[in-house]
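Asks: Hey, dropping entry_18.csv in here, CSV, C-alpha atoms:
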chain,number,residue,atom,x,y,z
A,11,MET,CA,-90.1,-70.1,-115.4
A,12,ALA,CA,-87.4,-70.6,-112.7
A,13,ALA,CA,-86.7,-67.7,-110.4
A,14,SER,CA,-83.8,-65.3,-111.1
A,15,GLY,CA,-80.4,-66.9,-110.5
A,16,ARG,CA,-81.7,-70.4,-110.6
A,17,ILE,CA,-80.7,-73.0,-113.3
A,18,ARG,CA,-83.7,-74.2,-115.3
A,19,TRP,CA,-83.9,-77.9,-114.9
A,20,VAL,CA,-87.4,-79.0,-115.3
A,21,SER,CA,-90.7,-78.0,-116.8
A,22,ALA,CA,-93.2,-80.7,-115.7
A,23,CYS,CA,-96.1,-83.0,-116.2
A,24,ALA,CA,-98.3,-84.5,-113.5
A,25,VAL,CA,-100.3,-87.7,-113.4
A,26,ILE,CA,-103.0,-89.3,-111.7
A,27,SER,CA,-104.3,-90.6,-108.7
A,28,GLY,CA,-107.1,-88.9,-110.3
A,29,THR,CA,-105.6,-86.4,-112.7
A,30,ILE,CA,-102.6,-85.9,-114.9
A,31,LEU,CA,-101.1,-82.4,-115.0
A,32,ILE,CA,-98.1,-80.6,-116.4
A,33,LEU,CA,-96.0,-77.8,-114.8
A,34,SER,CA,-92.7,-76.0,-114.5
A,35,VAL,CA,-89.8,-76.7,-112.1
A,36,GLY,CA,-86.5,-75.0,-111.5
A,37,ILE,CA,-83.3,-75.9,-109.8
A,38,GLY,CA,-81.8,-73.8,-107.1
A,39,ALA,CA,-78.3,-73.9,-105.9
A,40,GLY,CA,-77.3,-75.1,-102.5
A,41,GLY,CA,-79.6,-77.1,-100.2
A,42,ALA,CA,-78.9,-80.0,-97.9
A,43,ILE,CA,-75.8,-81.1,-99.9
A,44,PRO,CA,-73.4,-78.2,-100.6
A,45,ASN,CA,-73.0,-77.1,-104.3
A,46,VAL,CA,-75.7,-79.6,-105.5
A,47,PRO,CA,-78.7,-78.0,-107.3
A,48,VAL,CA,-82.0,-78.7,-105.7
A,49,PRO,CA,-85.2,-79.2,-107.7
A,50,GLN,CA,-87.9,-76.6,-106.9
A,51,ILE,CA,-91.5,-76.5,-108.3
A,52,ASP,CA,-91.9,-73.1,-109.9
A,53,GLY,CA,-94.9,-73.2,-112.2
A,54,THR,CA,-98.6,-74.0,-112.8
A,55,TRP,CA,-99.7,-77.5,-113.5
A,56,TRP,CA,-102.1,-78.3,-116.4
A,57,GLN,CA,-104.2,-81.4,-116.6
A,58,VAL,CA,-103.3,-84.0,-119.2
A,59,ALA,CA,-105.6,-86.9,-118.2
A,60,GLY,CA,-108.1,-87.8,-115.5
A,61,ASN,CA,-109.9,-90.8,-114.0
A,62,PRO,CA,-111.5,-92.6,-117.0
A,63,ILE,CA,-114.9,-94.2,-116.6
A,64,ASP,CA,-115.3,-95.3,-120.3
A,65,HIS,CA,-114.1,-98.9,-119.8
A,66,LYS,CA,-115.7,-102.2,-119.0
A,67,TYR,CA,-114.1,-102.5,-115.5
A,68,ALA,CA,-115.1,-99.1,-114.1
A,69,THR,CA,-116.1,-98.6,-110.5
A,70,LYS,CA,-116.7,-95.6,-108.3
A,71,LYS,CA,-113.6,-96.3,-106.2
A,72,GLN,CA,-111.1,-96.8,-109.1
A,73,GLU,CA,-107.9,-94.8,-109.2
A,74,PRO,CA,-105.3,-94.1,-111.9
A,75,VAL,CA,-101.8,-94.5,-110.3
A,76,ASP,CA,-98.3,-95.3,-111.7
A,77,PHE,CA,-97.9,-94.3,-115.3
A,78,ALA,CA,-95.5,-93.7,-118.2
A,79,VAL,CA,-95.2,-91.0,-120.8
A,80,TRP,CA,-93.3,-91.2,-124.1
A,81,GLN,CA,-93.3,-90.2,-127.7
A,82,ALA,CA,-94.3,-92.7,-130.4
A,83,ALA,CA,-92.9,-93.1,-134.0
A,84,ASP,CA,-95.6,-90.7,-135.5
A,85,GLY,CA,-94.6,-87.9,-133.0
A,86,SER,CA,-97.7,-88.3,-130.8
A,87,TRP,CA,-97.4,-88.6,-127.1
A,88,GLN,CA,-98.5,-91.7,-125.3
A,89,LEU,CA,-99.6,-92.0,-121.7
A,90,TRP,CA,-100.3,-95.4,-120.1
A,91,SER,CA,-101.4,-95.6,-116.5
A,92,CYS,CA,-102.3,-98.4,-114.1
A,93,ILE,CA,-105.9,-98.2,-113.1
A,94,ARG,CA,-106.6,-99.9,-109.7
A,95,GLY,CA,-109.8,-100.5,-107.8
A,96,THR,CA,-111.7,-101.8,-110.8
A,97,THR,CA,-113.3,-105.2,-111.6
A,98,ALA,CA,-110.3,-106.3,-113.8
A,99,GLY,CA,-109.0,-109.8,-113.0
A,100,GLY,CA,-112.5,-111.1,-112.1
A,101,LYS,CA,-113.4,-112.6,-108.8
A,102,GLY,CA,-110.3,-112.7,-106.6
A,103,GLY,CA,-108.3,-110.7,-109.2
A,104,LEU,CA,-106.2,-107.7,-108.3
A,105,THR,CA,-108.3,-105.0,-110.0
A,106,ARG,CA,-105.6,-103.5,-112.3
A,107,PHE,CA,-104.9,-102.9,-116.0
A,108,PHE,CA,-103.3,-100.3,-118.2
A,109,TYR,CA,-105.4,-97.5,-119.8
A,110,ARG,CA,-104.0,-95.3,-122.6
A,111,TRP,CA,-104.3,-91.6,-123.6
A,112,GLU,CA,-102.7,-89.8,-126.6
A,113,GLY,CA,-101.7,-86.2,-127.1
A,114,LYS,CA,-100.5,-84.3,-130.2
A,115,ARG,CA,-98.0,-82.2,-128.1
A,116,LEU,CA,-96.5,-82.8,-124.7
A,117,THR,CA,-97.8,-79.4,-123.5
A,118,ASP,CA,-101.4,-79.9,-124.7
A,119,PRO,CA,-104.0,-80.3,-122.0
A,120,ASN,CA,-106.7,-83.0,-121.9
A,121,TRP,CA,-105.2,-85.8,-124.1
A,122,THR,CA,-107.6,-88.1,-126.0
A,123,HIS,CA,-108.9,-91.2,-124.2
A,124,MET,CA,-107.7,-94.3,-126.2
A,125,GLY,CA,-109.2,-97.0,-123.9
A,126,ILE,CA,-107.7,-100.2,-122.4
A,127,ALA,CA,-104.1,-100.7,-123.5
A,128,MET,CA,-103.2,-104.0,-121.8
A,129,GLU,CA,-104.6,-106.5,-119.4
A,130,ALA,CA,-102.8,-109.3,-117.5
A,131,ASP,CA,-102.5,-112.6,-119.3
A,132,PRO,CA,-102.7,-115.5,-116.8
A,133,SER,CA,-101.8,-118.0,-119.6
A,134,LEU,CA,-98.3,-116.4,-119.6
A,135,GLY,CA,-98.0,-116.5,-115.8
A,136,GLU,CA,-99.3,-113.0,-115.1
A,137,THR,CA,-101.5,-112.5,-112.0
A,138,PRO,CA,-105.1,-111.8,-113.0
A,139,GLY,CA,-105.7,-108.0,-112.6
A,140,GLY,CA,-102.0,-107.6,-111.5
A,141,LEU,CA,-100.5,-105.2,-114.0
A,142,GLN,CA,-98.5,-102.4,-112.4
A,143,ALA,CA,-96.4,-99.4,-113.3
A,144,PRO,CA,-95.5,-99.3,-117.0
A,145,HIS,CA,-92.2,-97.8,-118.1
A,146,VAL,CA,-91.1,-97.3,-121.7
A,147,VAL,CA,-87.6,-96.6,-123.2
A,148,ARG,CA,-86.6,-96.4,-126.9
A,149,LEU,CA,-83.5,-98.1,-128.3
A,150,ASP,CA,-82.9,-97.4,-132.0
A,151,ASP,CA,-86.2,-98.2,-133.7
A,152,THR,CA,-87.7,-100.3,-131.0
A,153,TRP,CA,-89.7,-99.2,-128.0
A,154,HIS,CA,-89.3,-101.4,-124.9
A,155,LEU,CA,-92.1,-101.6,-122.3
A,156,PHE,CA,-91.3,-102.9,-118.8
A,157,TYR,CA,-94.0,-103.5,-116.2
A,158,GLY,CA,-94.9,-105.5,-113.2
A,159,ASP,CA,-97.4,-108.4,-113.1
A,160,TRP,CA,-97.6,-108.3,-109.2
A,161,VAL,CA,-94.8,-110.8,-108.8
A,162,ASN,CA,-92.4,-110.4,-111.7
A,163,ILE,CA,-90.9,-107.7,-113.9
A,164,CYS,CA,-92.0,-108.3,-117.5
A,165,HIS,CA,-91.0,-107.0,-121.0
A,166,ALA,CA,-92.8,-106.1,-124.3
A,167,THR,CA,-91.7,-104.4,-127.5
A,168,SER,CA,-93.1,-102.2,-130.2
A,169,THR,CA,-92.0,-100.9,-133.6
A,170,ASP,CA,-94.3,-97.9,-133.5
A,171,GLY,CA,-94.4,-97.0,-129.8
A,172,LYS,CA,-98.1,-97.7,-129.6
A,173,SER,CA,-98.8,-101.4,-130.0
A,174,PHE,CA,-96.7,-103.7,-127.9
A,175,THR,CA,-96.0,-107.5,-128.1
A,176,ARG,CA,-95.0,-109.4,-125.0
A,177,VAL,CA,-91.6,-111.0,-124.8
A,178,VAL,CA,-92.1,-114.6,-123.7
A,179,GLN,CA,-89.2,-116.1,-121.8
A,180,PRO,CA,-87.9,-119.6,-122.5
A,181,ASN,CA,-90.1,-121.0,-119.7
A,182,GLY,CA,-93.2,-119.8,-121.6
A,183,LYS,CA,-93.9,-117.0,-119.2
A,184,THR,CA,-93.4,-113.2,-119.4
A,185,GLY,CA,-91.7,-112.8,-116.0
A,186,MET,CA,-87.9,-111.9,-116.3
A,187,PHE,CA,-87.0,-111.6,-112.6
A,188,SER,CA,-88.6,-111.2,-109.2
A,189,GLU,CA,-87.5,-110.6,-105.6
A,190,GLY,CA,-90.0,-113.3,-104.5
A,191,PRO,CA,-93.6,-114.4,-104.7
A,192,ALA,CA,-94.9,-112.3,-101.7
A,193,VAL,CA,-92.9,-109.0,-101.9
A,194,ASN,CA,-94.7,-107.3,-104.9
A,195,THR,CA,-91.7,-106.5,-107.2
A,196,ARG,CA,-92.9,-103.5,-109.2
A,197,ASP,CA,-92.4,-99.9,-110.3
A,198,ILE,CA,-89.5,-100.4,-112.6
A,199,MET,CA,-87.7,-97.7,-114.6
A,200,LEU,CA,-84.5,-97.9,-116.7
A,201,LEU,CA,-81.6,-95.5,-117.1
A,202,PRO,CA,-78.8,-95.9,-119.6
A,203,HIS,CA,-75.3,-95.5,-118.1
A,204,ASP,CA,-71.8,-96.6,-119.0
A,205,GLY,CA,-73.0,-99.0,-121.7
A,206,ARG,CA,-75.6,-100.7,-119.6
A,207,TRP,CA,-79.2,-100.2,-118.5
A,208,TYR,CA,-79.7,-99.5,-114.8
A,209,ALA,CA,-83.2,-100.9,-113.8
A,210,TYR,CA,-84.5,-99.4,-110.5
A,211,TYR,CA,-87.6,-100.9,-108.9
A,212,THR,CA,-89.3,-101.4,-105.6
A,213,CYS,CA,-90.5,-104.3,-103.4
A,214,HIS,CA,-91.3,-104.8,-99.7
A,215,PRO,CA,-89.8,-108.0,-98.2
A,216,ASN,CA,-90.7,-108.4,-94.5
A,217,ASN,CA,-93.2,-105.5,-95.1
A,218,GLN,CA,-90.3,-103.0,-95.6
A,219,GLY,CA,-90.1,-100.9,-98.7
A,220,MET,CA,-86.8,-100.6,-100.6
A,221,VAL,CA,-85.4,-99.5,-103.9
A,222,CYS,CA,-83.5,-102.3,-105.7
A,223,LEU,CA,-81.3,-102.3,-108.8
A,224,ARG,CA,-80.3,-104.7,-111.5
A,225,THR,CA,-78.4,-104.0,-114.6
A,226,THR,CA,-78.4,-105.4,-118.2
A,227,ALA,CA,-76.8,-104.9,-121.5
A,228,ASP,CA,-79.5,-106.6,-123.6
A,229,PHE,CA,-82.8,-106.8,-121.6
A,230,ARG,CA,-82.3,-110.6,-121.4
A,231,THR,CA,-79.5,-111.2,-118.9
A,232,TRP,CA,-79.7,-109.4,-115.7
A,233,SER,CA,-77.3,-108.9,-112.8
A,234,ASP,CA,-78.2,-110.0,-109.3
A,235,SER,CA,-80.2,-107.4,-107.3
A,236,THR,CA,-78.7,-104.9,-104.9
A,237,VAL,CA,-80.5,-102.4,-102.5
A,238,VAL,CA,-79.8,-98.8,-103.4
A,239,ALA,CA,-82.1,-96.9,-101.0
A,240,PHE,CA,-83.8,-98.0,-97.8
A,241,GLY,CA,-85.0,-96.4,-94.6
A,242,GLY,CA,-83.9,-92.9,-93.6
A,243,GLN,CA,-86.4,-90.1,-93.2
A,244,ALA,CA,-88.8,-91.8,-95.7
A,245,SER,CA,-89.0,-94.7,-93.2
A,246,THR,CA,-89.0,-98.5,-93.8
A,247,GLY,CA,-92.7,-98.9,-94.2
A,248,PRO,CA,-94.1,-101.1,-97.0
A,249,TRP,CA,-95.0,-98.0,-99.1
A,250,SER,CA,-91.8,-95.9,-98.3
A,251,ALA,CA,-90.0,-96.6,-101.6
A,252,GLU,CA,-92.7,-96.2,-104.2
A,253,CYS,CA,-92.2,-95.4,-107.9
A,254,PRO,CA,-88.4,-94.9,-107.9
A,255,HIS,CA,-87.2,-92.6,-110.8
A,256,VAL,CA,-83.6,-91.8,-111.4
A,257,VAL,CA,-82.3,-88.9,-113.5
A,258,LYS,CA,-78.7,-88.4,-114.7
A,259,LEU,CA,-77.9,-84.7,-115.2
A,260,ARG,CA,-74.1,-85.0,-115.7
A,261,ASP,CA,-71.7,-87.9,-116.1
A,262,HIS,CA,-71.7,-88.5,-112.3
A,263,SER,CA,-74.7,-86.6,-111.0
A,264,PHE,CA,-77.8,-88.8,-110.3
A,265,TYR,CA,-81.1,-87.8,-108.7
A,266,LEU,CA,-83.4,-90.4,-107.2
A,267,PHE,CA,-87.1,-89.5,-106.8
A,268,ARG,CA,-88.7,-91.8,-104.2
A,269,THR,CA,-92.4,-91.5,-103.3
A,270,GLN,CA,-93.4,-92.2,-99.7
A,271,SER,CA,-97.0,-90.9,-99.8
A,272,TYR,CA,-99.5,-90.9,-102.7
A,273,GLY,CA,-102.0,-88.3,-101.7
A,274,ASN,CA,-104.5,-86.7,-99.3
A,275,PRO,CA,-106.6,-89.4,-97.5
A,276,GLU,CA,-109.6,-87.0,-97.4
A,277,LYS,CA,-109.6,-87.1,-101.2
A,278,GLY,CA,-109.6,-90.9,-101.6
A,279,ASP,CA,-106.1,-92.2,-100.9
A,280,ILE,CA,-107.0,-95.8,-100.0
A,281,ARG,CA,-103.8,-96.2,-97.9
A,282,LYS,CA,-104.6,-93.2,-95.7
A,283,ARG,CA,-101.1,-91.8,-95.7
A,284,GLY,CA,-101.4,-88.1,-95.8
A,285,PRO,CA,-100.5,-85.6,-98.5
A,286,ALA,CA,-98.4,-86.6,-101.5
A,287,LYS,CA,-94.7,-86.6,-100.8
A,288,THR,CA,-91.6,-87.6,-102.7
A,289,SER,CA,-88.1,-87.5,-101.3
A,290,ILE,CA,-85.2,-86.6,-103.7
A,291,TYR,CA,-81.7,-87.9,-103.2
A,292,HIS,CA,-78.4,-87.0,-105.0
A,293,SER,CA,-75.5,-89.3,-105.5
A,294,THR,CA,-72.4,-89.6,-107.7
A,295,ASP,CA,-72.8,-93.4,-107.6
A,296,PRO,CA,-76.0,-94.6,-109.4
A,297,ALA,CA,-75.9,-97.8,-107.2
A,298,MET,CA,-76.2,-96.0,-103.8
A,299,PHE,CA,-78.6,-93.4,-102.5
A,300,GLY,CA,-78.6,-94.2,-98.8
A,301,ILE,CA,-79.2,-97.2,-96.6
A,302,ASN,CA,-80.8,-96.5,-93.2
A,303,GLN,CA,-79.0,-93.2,-92.7
A,304,ASP,CA,-79.6,-91.0,-95.8
A,305,GLU,CA,-78.2,-87.6,-94.6
A,306,ARG,CA,-75.4,-87.7,-97.2
A,307,TYR,CA,-77.8,-88.1,-100.0
A,308,LEU,CA,-81.1,-86.5,-99.1
A,309,LEU,CA,-81.7,-83.1,-100.9
A,310,CYS,CA,-85.4,-82.2,-100.3
A,311,THR,CA,-89.0,-83.4,-100.6
A,312,LEU,CA,-91.6,-82.3,-103.1
A,313,PRO,CA,-95.4,-82.5,-102.7
A,314,VAL,CA,-95.9,-84.8,-105.6
A,315,ALA,CA,-96.4,-88.6,-106.2
A,316,ALA,CA,-95.0,-91.0,-108.7
A,317,PRO,CA,-93.0,-88.4,-110.6
A,318,GLU,CA,-91.5,-89.2,-114.0
A,319,ILE,CA,-88.9,-86.9,-115.7
A,320,ILE,CA,-89.2,-86.3,-119.4
A,321,LEU,CA,-86.5,-84.7,-121.6
A,322,HIS,CA,-87.9,-83.1,-124.8
A,323,GLU,CA,-86.3,-80.6,-127.2
A,324,GLY,CA,-83.7,-79.6,-124.6
A,325,ARG,CA,-86.2,-79.1,-121.8
A,326,TYR,CA,-87.0,-81.3,-118.8
A,327,TYR,CA,-90.6,-82.0,-117.8
A,328,ILE,CA,-91.8,-83.7,-114.7
A,329,ALA,CA,-95.0,-85.8,-114.7
A,330,ALA,CA,-96.5,-86.6,-111.3
A,331,SER,CA,-99.7,-87.9,-109.7
A,332,THR,CA,-102.3,-85.6,-108.1
A,333,ALA,CA,-104.7,-86.6,-105.3
A,334,ALA,CA,-107.4,-89.0,-106.3
A,335,SER,CA,-110.5,-87.7,-108.0
A,336,PRO,CA,-113.9,-89.3,-108.8
A,337,PRO,CA,-114.1,-91.2,-112.1
A,338,ALA,CA,-115.0,-89.0,-115.1
Would you put the structure from the file into structure tokens?
Replies:
Amino acid sequence: MAASGRIRWVSACAVISGTILILSVGIGAGGAIPNVPVPQIDGTWWQVAGNPIDHKYATKKQEPVDFAVWQAADGSWQLWSCIRGTTAGGKGGLTRFFYRWEGKRLTDPNWTHMGIAMEADPSLGETPGGLQAPHVVRLDDTWHLFYGDWVNICHATSTDGKSFTRVVQPNGKTGMFSEGPAVNTRDIMLLPHDGRWYAYYTCHPNNQGMVCLRTTADFRTWSDSTVVAFGGQASTGPWSAECPHVVKLRDHSFYLFRTQSYGNPEKGDIRKRGPAKTSIYHSTDPAMFGINQDERYLLCTLPVAAPEIILHEGRYYIAASTAASPPA
């Protein structure tokens, strides 16, 4: 419950570097930008999922990371997460695949383990063990899954919100677009606005992290990319623009959540970057959240990683990653 005088904005979920949790969040008035509400965590998280060991690629150093949460056709809740640090992809592979959980209600704890949901398909041009950061949107009676294959952004569809079929491009591969072979185009999410879908994602050319944007009307033809967030207090390091997630609260009020640190290195963060931290920016233009100097846009930071905002029955929820925990 938000504190007295605050506008309720979010209730929340949290995911995985080891655990998925759910919690409540409120929005307070004021902050770094006058008259713009600021998100504030205001509740107790509850665990939805953990670090699964019941799969053929399990290792002691594996970690669940980027994830997606959505509701399927039968009303159940689906959670897919990238699991890294496994043996997926074989020798020389990149260790990643998607694992799936299912819950009856969004607010239920400890969702059911459903096993491996998807692995990379090298025959379609995907990097062995390279699957990253699933994201799902529903359009009419079709669920659209977007994900990274380490180099490209790819697409799959479903009629029930559970079983997905890859969309193969005219060249016989799944990759739709990329910022280049060595910059790790990944972490895509899509937001509908003004008759188009705004696709936000990250990459790190020249070892510098940035949030990019492309738009589409049909998931087939995409605009050229533009940079919408770079530098500022989050820095220009390769991991400074992780897991971008944009929320539209009103017609011209957009919030960008940009993770710059995944978790506590003492609890297993393989990149040794300190406590979880996500910077939140506000803009009236969905194509700009600050380049180099972000003072006009920066609202605050929250001690979470890889957050995803979920709107369900008139309430907002936020899912985010906790610090890594041992496989269980």
Asks: Could you list, as a PDB file with C-alpha atoms, keeping the file's coordinate frame, every residue within 7 Å of stretch 306-317 of chain A, counting only C-alpha atoms and ignoring same-chain residues fewer than 5 positions away?
Replies:
ATOM      1  CA  GLY A  41     -79.600 -77.100-100.200  1.00  0.00           C
ATOM      2  CA  ALA A  42     -78.900 -80.000 -97.900  1.00  0.00           C
ATOM      3  CA  ILE A  43     -75.800 -81.100 -99.900  1.00  0.00           C
ATOM      4  CA  VAL A  48     -82.000 -78.700-105.700  1.00  0.00           C
ATOM      5  CA  ASP A  76     -98.300 -95.300-111.700  1.00  0.00           C
ATOM      6  CA  CYS A 253     -92.200 -95.400-107.900  1.00  0.00           C
ATOM      7  CA  THR A 269     -92.400 -91.500-103.300  1.00  0.00           C
ATOM      8  CA  SER A 271     -97.000 -90.900 -99.800  1.00  0.00           C
ATOM      9  CA  TYR A 272     -99.500 -90.900-102.700  1.00  0.00           C
ATOM     10  CA  ALA A 286     -98.400 -86.600-101.500  1.00  0.00           C
ATOM     11  CA  LYS A 287     -94.700 -86.600-100.800  1.00  0.00           C
ATOM     12  CA  THR A 288     -91.600 -87.600-102.700  1.00  0.00           C
ATOM     13  CA  SER A 289     -88.100 -87.500-101.300  1.00  0.00           C
ATOM     14  CA  ILE A 290     -85.200 -86.600-103.700  1.00  0.00           C
ATOM     15  CA  TYR A 291     -81.700 -87.900-103.200  1.00  0.00           C
ATOM     16  CA  HIS A 292     -78.400 -87.000-105.000  1.00  0.00           C
ATOM     17  CA  SER A 293     -75.500 -89.300-105.500  1.00  0.00           C
ATOM     18  CA  PHE A 299     -78.600 -93.400-102.500  1.00  0.00           C
ATOM     19  CA  GLY A 300     -78.600 -94.200 -98.800  1.00  0.00           C
ATOM     20  CA  ILE A 328     -91.800 -83.700-114.700  1.00  0.00           C
ATOM     21  CA  ALA A 329     -95.000 -85.800-114.700  1.00  0.00           C
ATOM     22  CA  ALA A 330     -96.500 -86.600-111.300  1.00  0.00           C
ATOM     23  CA  SER A 331     -99.700 -87.900-109.700  1.00  0.00           C
ATOM     24  CA  THR A 332    -102.300 -85.600-108.100  1.00  0.00           C
TER      25      THR A 332
END
Asks: Using only C-alpha atoms, which of the listed residues (A:Trp55, A:Tyr109, A:Trp207, A:Tyr327) sits closest to A:Pro74?
Replies: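 Among the listed residues, the smallest separation from A:Pro74 belongs to A:Tyr109.
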Asks: Work out how far apart atom CA of A:Gly171 and atom CA of A:Ala83 are and give it in Å to one decimal.
Replies: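 Between atom CA of A:Gly171 and atom CA of A:Ala83 the gap works out to 5.9 Å.
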Asks: Would you work out the distance separating atom CA of A:Trp249 from atom CA of A:Thr231, expressed in Å to one decimal?
Replies: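 Atom CA of A:Thr231 lies at a distance of 28.4 Å from atom CA of A:Trp249.
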Asks: Take the point (-90.1, -102.4, -109.2) in the file's coordinates, draw a sphere of radius 12 Å around it, and report as a ChimeraX atom specification every protein, DNA or RNA residue with an atom inside or on it, counting only C-alpha atoms.
Replies: /A:76,141-145,156-164,187-190,193-200,209-214,219-224,235,237,251-255,268
Asks: Provide the atom CA of A:Gly95 to atom CA of A:Asn61 distance in Å, to one decimal place.
Replies: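 A separation of 11.5 Å between them.
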Asks: Which polymer residues have any atom within 12 Å of an atom of A:Pro202, counting all atoms listed in the file, with same-chain residues fewer than 3 positions away left out, as a list in words?
Replies: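 Here the answer would be Val147, Arg148, Leu149, Met199, Gly205, Arg206, Trp207, Tyr208, Ala209, Tyr210, Thr225, Thr226, Ala227, Asp228, Phe229, Val256, Val257, Lys258, Asp261, Phe264 and Pro296 of chain A.
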Asks: Using all atoms listed in the file, find the one residue out of A:Gly102, A:Gly113, A:Pro248, A:Pro180 that sits nearest to A:Val79.
Replies: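 Checking each of A:Gly102, A:Gly113, A:Pro248, A:Pro180 against A:Val79, counting all atoms listed in the file, the winner is A:Gly113.
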Asks: Using all atoms listed in the file for the distances, tell me which of A:Ser86, A:Ala98, A:His154, A:Asn302 is nearest to A:Pro138.
Replies: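 Of A:Ser86, A:Ala98, A:His154, A:Asn302, the one nearest A:Pro138 is A:Ala98, counting all atoms listed in the file.
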Asks: Using all atoms listed in the file, find the one residue out of A:Ser263, A:Gln88, A:Ser133, A:Asn217 that sits nearest to A:Lys183.
Replies: A:Ser133
Asks: Using all atoms listed in the file, pick whichever of A:His322, A:His165, A:Arg110, A:Arg176 has the shortest atom-to-atom distance to A:Arg230.
Replies: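 Of A:His322, A:His165, A:Arg110, A:Arg176, the one nearest A:Arg230, counting all atoms listed in the file, is A:His165.
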